[in-house]
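I have placed the structure first, in the form of structure tokens, so that the comments after it can refer back to it.
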Amino acid sequence: MDNNKIILVVGEMEKGKTASITRELLGGARALADQTGGEVDLVLFGEAAASLAAEGIALGADKVLVASNAGYAEFNSDGYTAFVCDQCTKIKPALCLMGQTDLGRDVAPRVAARLGVALAMDCIAVDFDAENGRFLQTRPAFGGKALSVMASTTGLLQINTIRAKSMAAATPQDGRTGETIALADAPSAGAIKVKLIEAKRMEAEGVKLEDAKIIVSGGGGLGGPDGFAMIKELADLLGGVVGATRVPVDENWVPLSMEIGQTGKMVSPELYIAIGISGAAQHITGCINSKKIVTINRDPDANMFKISDLGLVADYKVVVPVLIEKLKAMGQ
Amino acid sequence: MEIIVCIKPVLDPELPPAKFAVDGKKNEVIPPEGMPFVMSPYDALAVEAALKIKEAKGGKVTVLTLGTKFTEDVMRKAVAMGADEGFILNDAAFDGSDSFATAYILTQAVKKIGTFDLILCGRQAADWDAGVVGSAMAEYLGVSLVVRAKAIEVLDGKLKVERMMTNGSEVLDVPLPALVTLSSEMGQARIPSGRGIIIAARKQFSKWGAADVSAEAAKTGLAAARNSLVKLFIPAYQRTCEMVTGKDPAEAAALLAEKILAIKP
Ligand SMILES: Cc1cc2nc3c(=O)[nH]c(=O)nc-3n(C[C@H](O)[C@H](O)[C@H](O)COP(=O)(O)OP(=O)(O)OC[C@H]3O[C@@H](n4cnc5c(N)ncnc54)[C@H](O)[C@@H]3O)c2cc1C
Ligand SMILES: Nc1ncnc2c1ncn2[C@@H]1O[C@H](COP(=O)(O)O)[C@@H](O)[C@H]1O
């Protein structure tokens, strides 16, 4: 590594708190920095984020850079890209980590293109290869059918976006010290081409899929909204949340917010029950980190069984009502 | 509106995992024998979006692809859907190009075409799933960028683009020229008509090499790649599935209920 050993983390805020992805990035960055003997710098956007600086330090950052100008309060790709580019040019980090989020998906490729540096999107691991003095990046490809491990060849900054739930979240440590720097400059007006007209927010009701301990997921095999009403009853009994594959979303049986997989949510509950789901790679990649997986499918060769702990070959219309009755009888 | 759409031929992403194979020595995917590549599904949506704009506002839709295999097939598919013309970028110097080199070569081709108002790409190619090329092209061309769009409207010489966000969407005011990448929420791409297929069958596509688009050798091909592939492999899932059975489905279901309760958190 030609440049210094700084790892730059681009942080995000979620409902006024440090986003879970940012805790995960700080956990990962700190572990890497402890191996390289480097420093962790955290970037936060917006004045409101300044209140999270102390927590960022407790979570492992050595320095927190707050883009405190009002122009950074809301996400804007043009403004954020320019800011991250500026910081990378000034700080010369060896590694820059962002979440595979709205922000990271948008900003990371632009920064890498503008600065001419290496990039790997949607990584599930970044490891320090001490022997060769480089960071190895592991990411799924081909819809999750394959994993690839890549190494930068440039000797310059390497940018990685990290998939949610891939790195262990940092736990706050009392007494950690660090420095907070407010950067008050406004984004340069000329840099901002694309402007927000309206934000349409759809907040999911109740427990979010990403945070759920139990998920009952339905696929194309449910045949329609009635099937989802049935598995909702099962999910309610178990204290779980309902998820779906892309097929029911495309068919408009359920809203997009319920989609799990490569283009949907990444989930890792304690218990994942897949009903009428074939087990396409793009779906599996979003639920493979579940602790236990149970599959109900009438096709004994369904790929979903290959990644399950418990399986039942049957028509869901026959077995789910029995499951519900039995669970009720057992006092659920 | 002069619209350019970038489309990539990919191994069918719906290929079942059981048919997917990797050559561990070469770190390459082994495509199943006799199976043609398809237009990456998000790119088909980009073609659809371009055709909708052309239908509403008039203009021309040009498709571009860079690759060695099945490039004519995806060009024909786009023309059958309604695209006006297409160019194929192919040169030994391009082999092994990474996302940035690909974006550079496509950008050079765009410059050769000359005039454009809008470039459309897929949100990610359904092989390596990177989601980089469109954004890098926008950077190289210095045009406005929106990623993961679900709807595009042309209004007063500008675009109104709705783009997907994790918790909803955003409507954006986008000056032209612009590059927009399309997401699955846009809907479905059209099926080519019989007439379209006949037109496409007769269509000729010019092939451009590095010299045609003035692409510098140092910026393309494997040697310019910013990452090297250390390993490509199929992940092994460490699970064994206990199949629950019974004398009838009801008995099996009852047994499953007990087992679920035992592992339930
Ligand atoms: C680029 C790209 C991205 C994608 N992203 C995602 C993503 O994020 N998430 C996602 O889920 N998909 C995604 N997909 C789609 C994915 O490839 C599959 O098409 C999809 O996951 C299939 O959904 P399914 O298993 O519900 O449906 P199907 O494949 O139709 O399977 C239905 C299953 O139900 C079973 N079944 C039918 N009737 C019954 C019954 N009565 N009782 C029990 N079982 C029954 C069948 O045996 C079958 O196994 C993506 C695809 C592409 C190309
Ligand atoms: N070889 C290629 N030829 C034409 N377009 C491409 C090519 N590679 C990528 N693209 C375009 O860029 C988008 C994103 O690709 P990627 O960054 O590889 O995920 C694709 O959906 C295409 O629109």
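Quick note on naming: the chains in the structure tokens go A, B, ... in the order shown, residues restart at 1 in each chain, and ligands are numbered from 1 in order of appearance.
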
For this session: Specify as JSON, numbers by chain all residues of chain B found within 7 Å of chain A, counting only C-alpha atoms.
Result: {"B": [13, 16, 17, 100, 126, 127, 128, 129, 130, 132, 135, 136, 139, 144, 147, 165, 166, 167, 168, 169, 170, 171, 172, 173, 174, 175, 226, 227, 228, 229, 230, 231, 232, 233, 234, 235, 237, 239, 240, 241, 242, 243, 244, 245, 249, 250, 253, 254, 257, 264, 265]}

Exercise. Residues at most 9 Å from ligand 2, using only C-alpha atoms and all ligand atoms? Could they come as JSON, numbers by chain?
Worked result: {"A": [109], "B": [5, 6, 7, 8, 9, 40, 41, 42, 43, 44, 46, 63, 64, 65, 66, 67, 68, 71, 88, 89, 97, 98, 99, 100, 102, 103, 106, 120, 121, 122, 123, 124, 125, 126, 127, 128, 129, 130, 131, 132, 133, 134, 135, 136, 137, 181, 182]}

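Relative to atom 16 (C, counted along the ligand's line) of ligand 1, CA of Val10 in chain B is found at 15.2 Å.
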
For this session: Tell me, as number ranges by chain, which residues lie within 9 Å of Ala70 in chain A, counting only C-alpha atoms; anything in the same chain fewer than 4 positions away does not count.
Result: A: 46-47, 74, 184, 186

Exercise: Ala92 in chain B partners within 10 Å, only C-alpha atoms, chain neighbours under 3 positions left out, as a PDB file with all heavy atoms, in the first residue's frame:
```pdb
ATOM      1  N   GLY B  67     -18.774  -6.733 -26.618  1.00  0.00           N
ATOM      2  CA  GLY B  67     -18.583  -8.127 -26.234  1.00  0.00           C
ATOM      3  C   GLY B  67     -18.162  -8.964 -27.411  1.00  0.00           C
ATOM      4  O   GLY B  67     -17.944  -8.453 -28.518  1.00  0.00           O
ATOM      5  N   THR B  68     -18.060 -10.279 -27.152  1.00  0.00           N
ATOM      6  CA  THR B  68     -17.608 -11.175 -28.215  1.00  0.00           C
ATOM      7  C   THR B  68     -18.694 -12.178 -28.588  1.00  0.00           C
ATOM      8  O   THR B  68     -18.762 -12.605 -29.730  1.00  0.00           O
ATOM      9  CB  THR B  68     -16.359 -11.951 -27.771  1.00  0.00           C
ATOM     10  OG1 THR B  68     -16.619 -12.546 -26.500  1.00  0.00           O
ATOM     11  CG2 THR B  68     -15.153 -11.034 -27.649  1.00  0.00           C
ATOM     12  N   ASP B  95     -10.777  -7.344 -24.740  1.00  0.00           N
ATOM     13  CA  ASP B  95     -10.995  -8.546 -23.928  1.00  0.00           C
ATOM     14  C   ASP B  95     -10.491  -8.353 -22.498  1.00  0.00           C
ATOM     15  O   ASP B  95      -9.383  -7.872 -22.280  1.00  0.00           O
ATOM     16  CB  ASP B  95     -10.304  -9.766 -24.552  1.00  0.00           C
ATOM     17  CG  ASP B  95     -10.948 -10.142 -25.882  1.00  0.00           C
ATOM     18  OD1 ASP B  95     -12.009  -9.570 -26.207  1.00  0.00           O
ATOM     19  OD2 ASP B  95     -10.380 -11.000 -26.586  1.00  0.00           O
ATOM     20  N   GLY B  96     -11.302  -8.746 -21.546  1.00  0.00           N
ATOM     21  CA  GLY B  96     -10.912  -8.661 -20.141  1.00  0.00           C
ATOM     22  C   GLY B  96     -11.118  -7.280 -19.543  1.00  0.00           C
ATOM     23  O   GLY B  96     -10.676  -7.012 -18.427  1.00  0.00           O
ATOM     24  N   GLY B 209     -14.010  -1.318 -33.805  1.00  0.00           N
ATOM     25  CA  GLY B 209     -12.880  -1.740 -32.991  1.00  0.00           C
ATOM     26  C   GLY B 209     -12.269  -0.551 -32.273  1.00  0.00           C
ATOM     27  O   GLY B 209     -12.796   0.563 -32.345  1.00  0.00           O
ATOM     28  N   ALA B 210     -11.139  -0.783 -31.596  1.00  0.00           N
ATOM     29  CA  ALA B 210     -10.502   0.268 -30.800  1.00  0.00           C
ATOM     30  C   ALA B 210     -10.189   1.507 -31.649  1.00  0.00           C
ATOM     31  O   ALA B 210     -10.446   2.636 -31.234  1.00  0.00           O
ATOM     32  CB  ALA B 210      -9.226  -0.269 -30.157  1.00  0.00           C
ATOM     33  N   THR B 220      -7.842   0.034 -21.913  1.00  0.00           N
ATOM     34  CA  THR B 220      -8.788  -1.066 -22.140  1.00  0.00           C
ATOM     35  C   THR B 220      -8.117  -2.416 -21.898  1.00  0.00           C
ATOM     36  O   THR B 220      -6.898  -2.515 -21.810  1.00  0.00           O
ATOM     37  CB  THR B 220      -9.309  -1.050 -23.594  1.00  0.00           C
ATOM     38  OG1 THR B 220      -8.214  -1.341 -24.470  1.00  0.00           O
ATOM     39  CG2 THR B 220      -9.916   0.289 -23.963  1.00  0.00           C
ATOM     40  N   GLY B 221      -8.948  -3.454 -21.807  1.00  0.00           N
ATOM     41  CA  GLY B 221      -8.453  -4.818 -21.710  1.00  0.00           C
ATOM     42  C   GLY B 221      -8.011  -5.195 -20.312  1.00  0.00           C
ATOM     43  O   GLY B 221      -8.055  -4.393 -19.370  1.00  0.00           O
TER      44      GLY B 221
END
```

Where does DSSP see alpha helix (DSSP H) in range 116-188 of chain B, if you list the residues as a PDB file with N, CA, C and O atoms, in the first residue's frame?
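Written out: selection39.pdb:
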```pdb
ATOM      1  N   VAL B 133     -21.093   0.435 -14.624  1.00  0.00           N
ATOM      2  CA  VAL B 133     -20.792   0.966 -15.961  1.00  0.00           C
ATOM      3  C   VAL B 133     -21.565   2.245 -16.284  1.00  0.00           C
ATOM      4  O   VAL B 133     -20.978   3.227 -16.754  1.00  0.00           O
ATOM      5  N   GLY B 134     -22.868   2.265 -16.022  1.00  0.00           N
ATOM      6  CA  GLY B 134     -23.665   3.461 -16.325  1.00  0.00           C
ATOM      7  C   GLY B 134     -23.158   4.672 -15.572  1.00  0.00           C
ATOM      8  O   GLY B 134     -22.969   5.755 -16.146  1.00  0.00           O
ATOM      9  N   SER B 135     -22.925   4.504 -14.270  1.00  0.00           N
ATOM     10  CA  SER B 135     -22.466   5.627 -13.444  1.00  0.00           C
ATOM     11  C   SER B 135     -21.118   6.137 -13.937  1.00  0.00           C
ATOM     12  O   SER B 135     -20.886   7.348 -13.999  1.00  0.00           O
ATOM     13  N   ALA B 136     -20.216   5.206 -14.299  1.00  0.00           N
ATOM     14  CA  ALA B 136     -18.891   5.622 -14.771  1.00  0.00           C
ATOM     15  C   ALA B 136     -19.016   6.364 -16.101  1.00  0.00           C
ATOM     16  O   ALA B 136     -18.339   7.372 -16.322  1.00  0.00           O
ATOM     17  N   MET B 137     -19.904   5.917 -16.979  1.00  0.00           N
ATOM     18  CA  MET B 137     -20.109   6.627 -18.255  1.00  0.00           C
ATOM     19  C   MET B 137     -20.579   8.056 -18.004  1.00  0.00           C
ATOM     20  O   MET B 137     -20.112   8.999 -18.660  1.00  0.00           O
ATOM     21  N   ALA B 138     -21.507   8.213 -17.054  1.00  0.00           N
ATOM     22  CA  ALA B 138     -22.005   9.562 -16.747  1.00  0.00           C
ATOM     23  C   ALA B 138     -20.865  10.447 -16.263  1.00  0.00           C
ATOM     24  O   ALA B 138     -20.774  11.627 -16.624  1.00  0.00           O
ATOM     25  N   GLU B 139     -19.968   9.873 -15.455  1.00  0.00           N
ATOM     26  CA  GLU B 139     -18.806  10.637 -14.976  1.00  0.00           C
ATOM     27  C   GLU B 139     -17.898  11.024 -16.146  1.00  0.00           C
ATOM     28  O   GLU B 139     -17.456  12.160 -16.237  1.00  0.00           O
ATOM     29  N   TYR B 140     -17.624  10.059 -17.026  1.00  0.00           N
ATOM     30  CA  TYR B 140     -16.695  10.336 -18.131  1.00  0.00           C
ATOM     31  C   TYR B 140     -17.282  11.361 -19.101  1.00  0.00           C
ATOM     32  O   TYR B 140     -16.560  12.150 -19.696  1.00  0.00           O
ATOM     33  N   LEU B 141     -18.607  11.331 -19.271  1.00  0.00           N
ATOM     34  CA  LEU B 141     -19.252  12.266 -20.202  1.00  0.00           C
ATOM     35  C   LEU B 141     -19.625  13.585 -19.538  1.00  0.00           C
ATOM     36  O   LEU B 141     -19.983  14.543 -20.211  1.00  0.00           O
TER      37      LEU B 141
END
```

Exercise. With only C-alpha atoms and all ligand atoms as the atoms that count, which of B:Pro177, B:Ser183, B:Lys69, B:Glu216 lies nearest to ligand 1?
Worked result: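 Of B:Pro177, B:Ser183, B:Lys69, B:Glu216, the one nearest ligand 1 is B:Ser183, counting only C-alpha atoms and all ligand atoms.
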
Polymer residues at most 9 Å from Lys63 in chain A, only C-alpha atoms, same-chain spacing of 4 or more positions, as a PDB file with C-alpha atoms, in the first residue's frame:
```pdb
ATOM      1  CA  GLU A  39      -6.725   4.661  11.649  1.00  0.00           C
ATOM      2  CA  VAL A  40     -10.493   4.726  11.079  1.00  0.00           C
ATOM      3  CA  ASP A  41     -12.076   7.974   9.866  1.00  0.00           C
ATOM      4  CA  LEU A  42     -15.839   8.348   9.722  1.00  0.00           C
ATOM      5  CA  VAL A  43     -17.692  10.751   7.431  1.00  0.00           C
ATOM      6  CA  ALA A  53     -19.999  11.858  16.276  1.00  0.00           C
ATOM      7  CA  GLY A  56     -18.996   7.032  16.119  1.00  0.00           C
ATOM      8  CA  ILE A  57     -15.856   7.345  18.219  1.00  0.00           C
ATOM      9  CA  GLY A 178     -11.093  10.639  19.075  1.00  0.00           C
ATOM     10  CA  GLU A 179     -11.391  13.897  17.246  1.00  0.00           C
ATOM     11  CA  THR A 180     -14.462  15.476  15.642  1.00  0.00           C
ATOM     12  CA  ILE A 181     -14.041  17.963  12.817  1.00  0.00           C
TER      13      ILE A 181
END
```

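Atom 21 (O, counted along the ligand's line) of ligand 1 to CA of Val247 in chain A spans 6.4 Å [interatomic distance, one decimal].
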
Exercise. Distance CA of Val143 in chain B-CA of Ile119 in chain B, one decimal place?
Worked result: 9.6 Å

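Among the candidate residues A:Cys287, A:Ala54, A:Val267, A:Ile7, the one lying nearest to Asp34 in chain A is A:Ile7, with distances computed using only C-alpha atoms.
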